[in-house]
Amino acid sequence: MKVPLTVVFLGAPGAGKGTQARVLSGEYGIPHVSTGDILREAIKSKSPLGMEAKKKMDAGELVSDEIVCLIVEERLRRVDCSQGFILDGFPRTIAQAERLAEMLPRLLFPLPMVFHINVGEEELVKRLTGRRSCSVCRQIYNIYGQRPRIEDQCDVCGGKLELREDDKMEVIQERFTEYTNQTEPLIQYYRERGLLFEIDGSKDINSINQDILSVIKSSKVLSN
């Protein structure tokens, strides 16, 4: 019986986690589970967990680990995750990682392959300040590299390209500090458990994808 493929992407803001998750999702036909997306979905559907999350957010508070973990578990129980999934934005803390480690065997999933996409801070700042996203279809561009054919206009749907609030320079440093304090300890956590794979994120998108695929294909996880 084929073992489901479970993947976690770690990396600083701008490292390309979402991009690689979407590419890998298409290649293996398994869902890209973004914490931000499923939180928004839970709130939009007015589920009990979504309403709890909304209450916290409306009060200017962080959504608790308990609520986030329950929303993630609810998503992983769906039938489209039966062959595996790719987590992007979760876990963010060691407490969440421990909860995930408890959750996966209970849901009959293996522990994840964890890819740390490593990119230098100077390159990250350039990527973030240059990033533009379509206001309609959310396609991502960058004024320093992946430029649209027509300035400020999406190639896919013609929507207007925007600079996200959290990609403005005054916000970026706060995001890096939060990442260093909260998420970087996860790298050591997963390294100690033999689940971490370091990926050079300074390469182009296709080369990074090939490095990830090489690790997956050489792993025992898919040979059972």
# chains A, B, ... in the order shown; residues from 1 in each chain; ligands from 1
$ select_by_dssp --residues "segment 19-172 of chain A" --states "helix (DSSP H, G or I)" --output "ChimeraX atom specification"
/A:19-28,35-44,48-58,65-76,79-81,94-106,121-130,165-167,169-172
$ write_last_selection --atoms "C-alpha atoms" --output "PDB file, in the first residue's frame"
ATOM      1  CA  THR A  19       5.277  28.828  -4.626  1.00  0.00           C
ATOM      2  CA  GLN A  20       6.982  25.480  -4.045  1.00  0.00           C
ATOM      3  CA  ALA A  21       3.933  24.117  -2.220  1.00  0.00           C
ATOM      4  CA  ARG A  22       1.690  24.978  -5.184  1.00  0.00           C
ATOM      5  CA  VAL A  23       4.106  23.386  -7.684  1.00  0.00           C
ATOM      6  CA  LEU A  24       4.480  20.210  -5.616  1.00  0.00           C
ATOM      7  CA  SER A  25       0.713  20.040  -5.121  1.00  0.00           C
ATOM      8  CA  GLY A  26       0.230  19.981  -8.880  1.00  0.00           C
ATOM      9  CA  GLU A  27       2.893  17.330  -9.406  1.00  0.00           C
ATOM     10  CA  TYR A  28       1.578  14.878  -6.805  1.00  0.00           C
ATOM     11  CA  THR A  35      -3.013  28.062   7.247  1.00  0.00           C
ATOM     12  CA  GLY A  36      -4.117  31.510   6.112  1.00  0.00           C
ATOM     13  CA  ASP A  37      -6.467  30.051   3.502  1.00  0.00           C
ATOM     14  CA  ILE A  38      -8.130  27.529   5.809  1.00  0.00           C
ATOM     15  CA  LEU A  39      -8.557  30.129   8.558  1.00  0.00           C
ATOM     16  CA  ARG A  40     -10.271  32.454   6.087  1.00  0.00           C
ATOM     17  CA  GLU A  41     -12.396  29.562   4.817  1.00  0.00           C
ATOM     18  CA  ALA A  42     -13.444  28.600   8.362  1.00  0.00           C
ATOM     19  CA  ILE A  43     -14.422  32.205   9.116  1.00  0.00           C
ATOM     20  CA  LYS A  44     -16.304  32.596   5.821  1.00  0.00           C
ATOM     21  CA  PRO A  48     -17.803  26.985  15.200  1.00  0.00           C
ATOM     22  CA  LEU A  49     -13.989  27.029  14.997  1.00  0.00           C
ATOM     23  CA  GLY A  50     -14.087  29.813  12.415  1.00  0.00           C
ATOM     24  CA  MET A  51     -16.261  31.952  14.667  1.00  0.00           C
ATOM     25  CA  GLU A  52     -13.876  31.356  17.588  1.00  0.00           C
ATOM     26  CA  ALA A  53     -10.960  32.437  15.395  1.00  0.00           C
ATOM     27  CA  LYS A  54     -12.869  35.531  14.202  1.00  0.00           C
ATOM     28  CA  LYS A  55     -13.647  36.524  17.777  1.00  0.00           C
ATOM     29  CA  LYS A  56      -9.924  36.469  18.616  1.00  0.00           C
ATOM     30  CA  MET A  57      -8.923  38.363  15.475  1.00  0.00           C
ATOM     31  CA  ASP A  58     -11.632  41.016  15.945  1.00  0.00           C
ATOM     32  CA  ASP A  65      -2.579  27.198  19.002  1.00  0.00           C
ATOM     33  CA  GLU A  66      -5.556  25.096  20.093  1.00  0.00           C
ATOM     34  CA  ILE A  67      -7.932  26.684  17.571  1.00  0.00           C
ATOM     35  CA  VAL A  68      -5.360  26.651  14.750  1.00  0.00           C
ATOM     36  CA  CYS A  69      -4.532  22.976  15.374  1.00  0.00           C
ATOM     37  CA  LEU A  70      -8.193  21.985  15.438  1.00  0.00           C
ATOM     38  CA  ILE A  71      -8.847  23.836  12.161  1.00  0.00           C
ATOM     39  CA  VAL A  72      -5.825  22.118  10.571  1.00  0.00           C
ATOM     40  CA  GLU A  73      -6.967  18.706  11.826  1.00  0.00           C
ATOM     41  CA  GLU A  74     -10.460  19.334  10.470  1.00  0.00           C
ATOM     42  CA  ARG A  75      -8.926  20.111   7.051  1.00  0.00           C
ATOM     43  CA  LEU A  76      -6.657  17.026   7.058  1.00  0.00           C
ATOM     44  CA  VAL A  79     -11.082  12.931   1.646  1.00  0.00           C
ATOM     45  CA  ASP A  80      -8.830  14.921  -0.717  1.00  0.00           C
ATOM     46  CA  CYS A  81      -5.995  14.550   1.838  1.00  0.00           C
ATOM     47  CA  ILE A  94       7.281  23.969  18.593  1.00  0.00           C
ATOM     48  CA  ALA A  95       3.971  23.623  20.455  1.00  0.00           C
ATOM     49  CA  GLN A  96       2.171  23.337  17.101  1.00  0.00           C
ATOM     50  CA  ALA A  97       4.823  20.892  15.819  1.00  0.00           C
ATOM     51  CA  GLU A  98       4.297  18.677  18.869  1.00  0.00           C
ATOM     52  CA  ARG A  99       0.552  18.772  18.316  1.00  0.00           C
ATOM     53  CA  LEU A 100       1.072  17.838  14.645  1.00  0.00           C
ATOM     54  CA  ALA A 101       3.315  14.916  15.667  1.00  0.00           C
ATOM     55  CA  GLU A 102       0.507  13.641  17.899  1.00  0.00           C
ATOM     56  CA  MET A 103      -2.169  14.291  15.285  1.00  0.00           C
ATOM     57  CA  LEU A 104      -0.675  12.580  12.223  1.00  0.00           C
ATOM     58  CA  PRO A 105      -0.394   8.968  13.503  1.00  0.00           C
ATOM     59  CA  ARG A 106      -3.918   9.279  14.903  1.00  0.00           C
ATOM     60  CA  GLU A 121      18.252  38.137   4.293  1.00  0.00           C
ATOM     61  CA  GLU A 122      19.424  40.573   1.586  1.00  0.00           C
ATOM     62  CA  GLU A 123      17.796  38.454  -1.128  1.00  0.00           C
ATOM     63  CA  LEU A 124      14.637  38.076   0.971  1.00  0.00           C
ATOM     64  CA  VAL A 125      14.248  41.845   1.362  1.00  0.00           C
ATOM     65  CA  LYS A 126      14.600  42.269  -2.403  1.00  0.00           C
ATOM     66  CA  ARG A 127      12.006  39.589  -3.069  1.00  0.00           C
ATOM     67  CA  LEU A 128       9.500  41.007  -0.594  1.00  0.00           C
ATOM     68  CA  THR A 129       9.764  44.679  -1.523  1.00  0.00           C
ATOM     69  CA  GLY A 130       9.599  43.736  -5.222  1.00  0.00           C
ATOM     70  CA  GLU A 165       0.785  45.599   3.246  1.00  0.00           C
ATOM     71  CA  ASP A 166       3.097  43.068   4.877  1.00  0.00           C
ATOM     72  CA  ASP A 167       5.648  43.464   2.049  1.00  0.00           C
ATOM     73  CA  MET A 169       9.737  47.823   4.260  1.00  0.00           C
ATOM     74  CA  GLU A 170       8.505  49.002   7.661  1.00  0.00           C
ATOM     75  CA  VAL A 171       6.689  45.687   8.204  1.00  0.00           C
ATOM     76  CA  ILE A 172       9.375  43.363   6.857  1.00  0.00           C
TER      77      ILE A 172
END
$ residues_around --residues "segment 191-207 of chain A" --least-positions-apart "6" --cutoff "7 Å" --atoms "only C-alpha atoms" --output "JSON, numbers by chain"
{"A": [15, 112, 113, 114, 115, 116, 117, 118, 119]}
$ select_by_dssp --residues "chain A" --states "strand (DSSP E or B)" --output "PyMOL selection string"
chain A and resi 5-10+32-34+84-88+113-118+131-134+140-142+150+153+160-162+196-200
$ write_last_selection --atoms "N, CA and C atoms" --output "CSV table (one decimal), in the first residue's frame"
chain,number,residue,atom,x,y,z
A,5,LEU,N,2.0,11.0,1.1
A,5,LEU,CA,3.1,11.9,1.2
A,5,LEU,C,2.7,13.1,2.0
A,6,THR,N,3.4,13.3,3.1
A,6,THR,CA,3.1,14.5,4.0
A,6,THR,C,4.3,15.4,4.0
A,7,VAL,N,4.1,16.7,3.7
A,7,VAL,CA,5.2,17.6,3.6
A,7,VAL,C,4.9,18.9,4.4
A,8,VAL,N,6.0,19.4,5.0
A,8,VAL,CA,5.9,20.7,5.7
A,8,VAL,C,7.0,21.6,5.1
A,9,PHE,N,6.7,22.8,4.7
A,9,PHE,CA,7.7,23.8,4.2
A,9,PHE,C,8.0,24.8,5.3
A,10,LEU,N,9.2,25.0,5.6
A,10,LEU,CA,9.7,26.1,6.5
A,10,LEU,C,10.6,27.0,5.8
A,32,HIS,N,-2.5,21.6,-1.3
A,32,HIS,CA,-1.7,22.6,-0.7
A,32,HIS,C,-2.5,23.2,0.4
A,33,VAL,N,-2.2,22.9,1.7
A,33,VAL,CA,-2.9,23.4,2.8
A,33,VAL,C,-2.2,24.6,3.4
A,34,SER,N,-2.8,25.8,3.1
A,34,SER,CA,-2.2,27.0,3.7
A,34,SER,C,-3.0,27.4,4.9
A,84,GLY,N,-2.2,12.3,1.0
A,84,GLY,CA,-1.2,13.2,1.5
A,84,GLY,C,-1.6,14.7,1.4
A,85,PHE,N,-0.7,15.5,1.8
A,85,PHE,CA,-0.9,17.0,1.8
A,85,PHE,C,0.4,17.7,2.0
A,86,ILE,N,0.3,19.0,1.7
A,86,ILE,CA,1.5,19.9,1.9
A,86,ILE,C,1.1,21.1,2.8
A,87,LEU,N,1.8,21.2,3.9
A,87,LEU,CA,1.4,22.2,4.9
A,87,LEU,C,2.3,23.5,4.6
A,88,ASP,N,1.7,24.6,4.6
A,88,ASP,CA,2.4,25.9,4.3
A,88,ASP,C,1.9,26.9,5.4
A,113,MET,N,7.9,15.0,5.8
A,113,MET,CA,9.2,15.4,5.3
A,113,MET,C,9.2,17.0,5.4
A,114,VAL,N,10.2,17.5,6.1
A,114,VAL,CA,10.2,19.0,6.4
A,114,VAL,C,11.3,19.6,5.5
A,115,PHE,N,10.9,20.5,4.6
A,115,PHE,CA,11.9,21.2,3.8
A,115,PHE,C,12.1,22.6,4.3
A,116,HIS,N,13.3,22.9,4.6
A,116,HIS,CA,13.7,24.3,5.0
A,116,HIS,C,14.3,25.0,3.8
A,117,ILE,N,13.6,25.9,3.2
A,117,ILE,CA,14.0,26.7,2.1
A,117,ILE,C,14.9,27.9,2.6
A,118,ASN,N,16.1,27.8,2.4
A,118,ASN,CA,17.1,28.7,3.0
A,118,ASN,C,17.5,29.8,2.1
A,131,ARG,N,7.8,42.2,-4.6
A,131,ARG,CA,6.7,41.3,-4.9
A,131,ARG,C,5.4,42.1,-5.2
A,132,ARG,N,4.7,41.7,-6.2
A,132,ARG,CA,3.4,42.2,-6.5
A,132,ARG,C,2.4,41.1,-6.7
A,133,SER,N,1.2,41.2,-6.2
A,133,SER,CA,0.2,40.1,-6.3
A,133,SER,C,-1.0,40.7,-7.0
A,134,CYS,N,-1.6,39.8,-7.8
A,134,CYS,CA,-2.8,40.2,-8.6
A,134,CYS,C,-4.0,40.4,-7.6
A,140,ILE,N,1.4,35.8,-8.4
A,140,ILE,CA,2.5,36.5,-7.9
A,140,ILE,C,3.6,36.9,-8.9
A,141,TYR,N,4.0,38.2,-8.9
A,141,TYR,CA,5.1,38.7,-9.8
A,141,TYR,C,6.2,39.3,-8.9
A,142,ASN,N,7.3,39.7,-9.5
A,142,ASN,CA,8.3,40.5,-8.8
A,142,ASN,C,9.0,41.4,-9.8
A,150,ILE,N,2.8,43.5,-19.0
A,150,ILE,CA,2.4,44.9,-19.0
A,150,ILE,C,2.5,45.3,-17.5
A,153,GLN,N,-0.1,45.0,-14.4
A,153,GLN,CA,-1.2,44.2,-14.9
A,153,GLN,C,-0.9,42.7,-14.9
A,160,LYS,N,-5.3,44.2,-11.5
A,160,LYS,CA,-4.3,45.2,-11.1
A,160,LYS,C,-3.4,44.5,-10.1
A,161,LEU,N,-2.1,44.8,-10.2
A,161,LEU,CA,-1.1,44.2,-9.3
A,161,LEU,C,-0.9,45.2,-8.1
A,162,GLU,N,-0.7,44.6,-6.9
A,162,GLU,CA,-0.7,45.4,-5.7
A,162,GLU,C,0.5,45.0,-4.9
A,196,LEU,N,14.3,16.8,8.8
A,196,LEU,CA,14.6,18.1,8.1
A,196,LEU,C,15.5,17.9,6.9
A,197,PHE,N,15.1,18.6,5.8
A,197,PHE,CA,16.0,18.6,4.6
A,197,PHE,C,16.2,20.1,4.2
A,198,GLU,N,17.5,20.5,4.1
A,198,GLU,CA,17.9,21.8,3.8
A,198,GLU,C,17.9,22.0,2.2
A,199,ILE,N,17.2,23.1,1.8
A,199,ILE,CA,17.1,23.4,0.4
A,199,ILE,C,17.6,24.8,0.1
A,200,ASP,N,18.5,24.9,-0.9
A,200,ASP,CA,19.0,26.2,-1.3
A,200,ASP,C,18.0,27.0,-2.0
$ atom_distance --atom1 "atom CA of Gln173 of chain A" --atom2 "atom CA of Ala12 of chain A"
11.3 Å
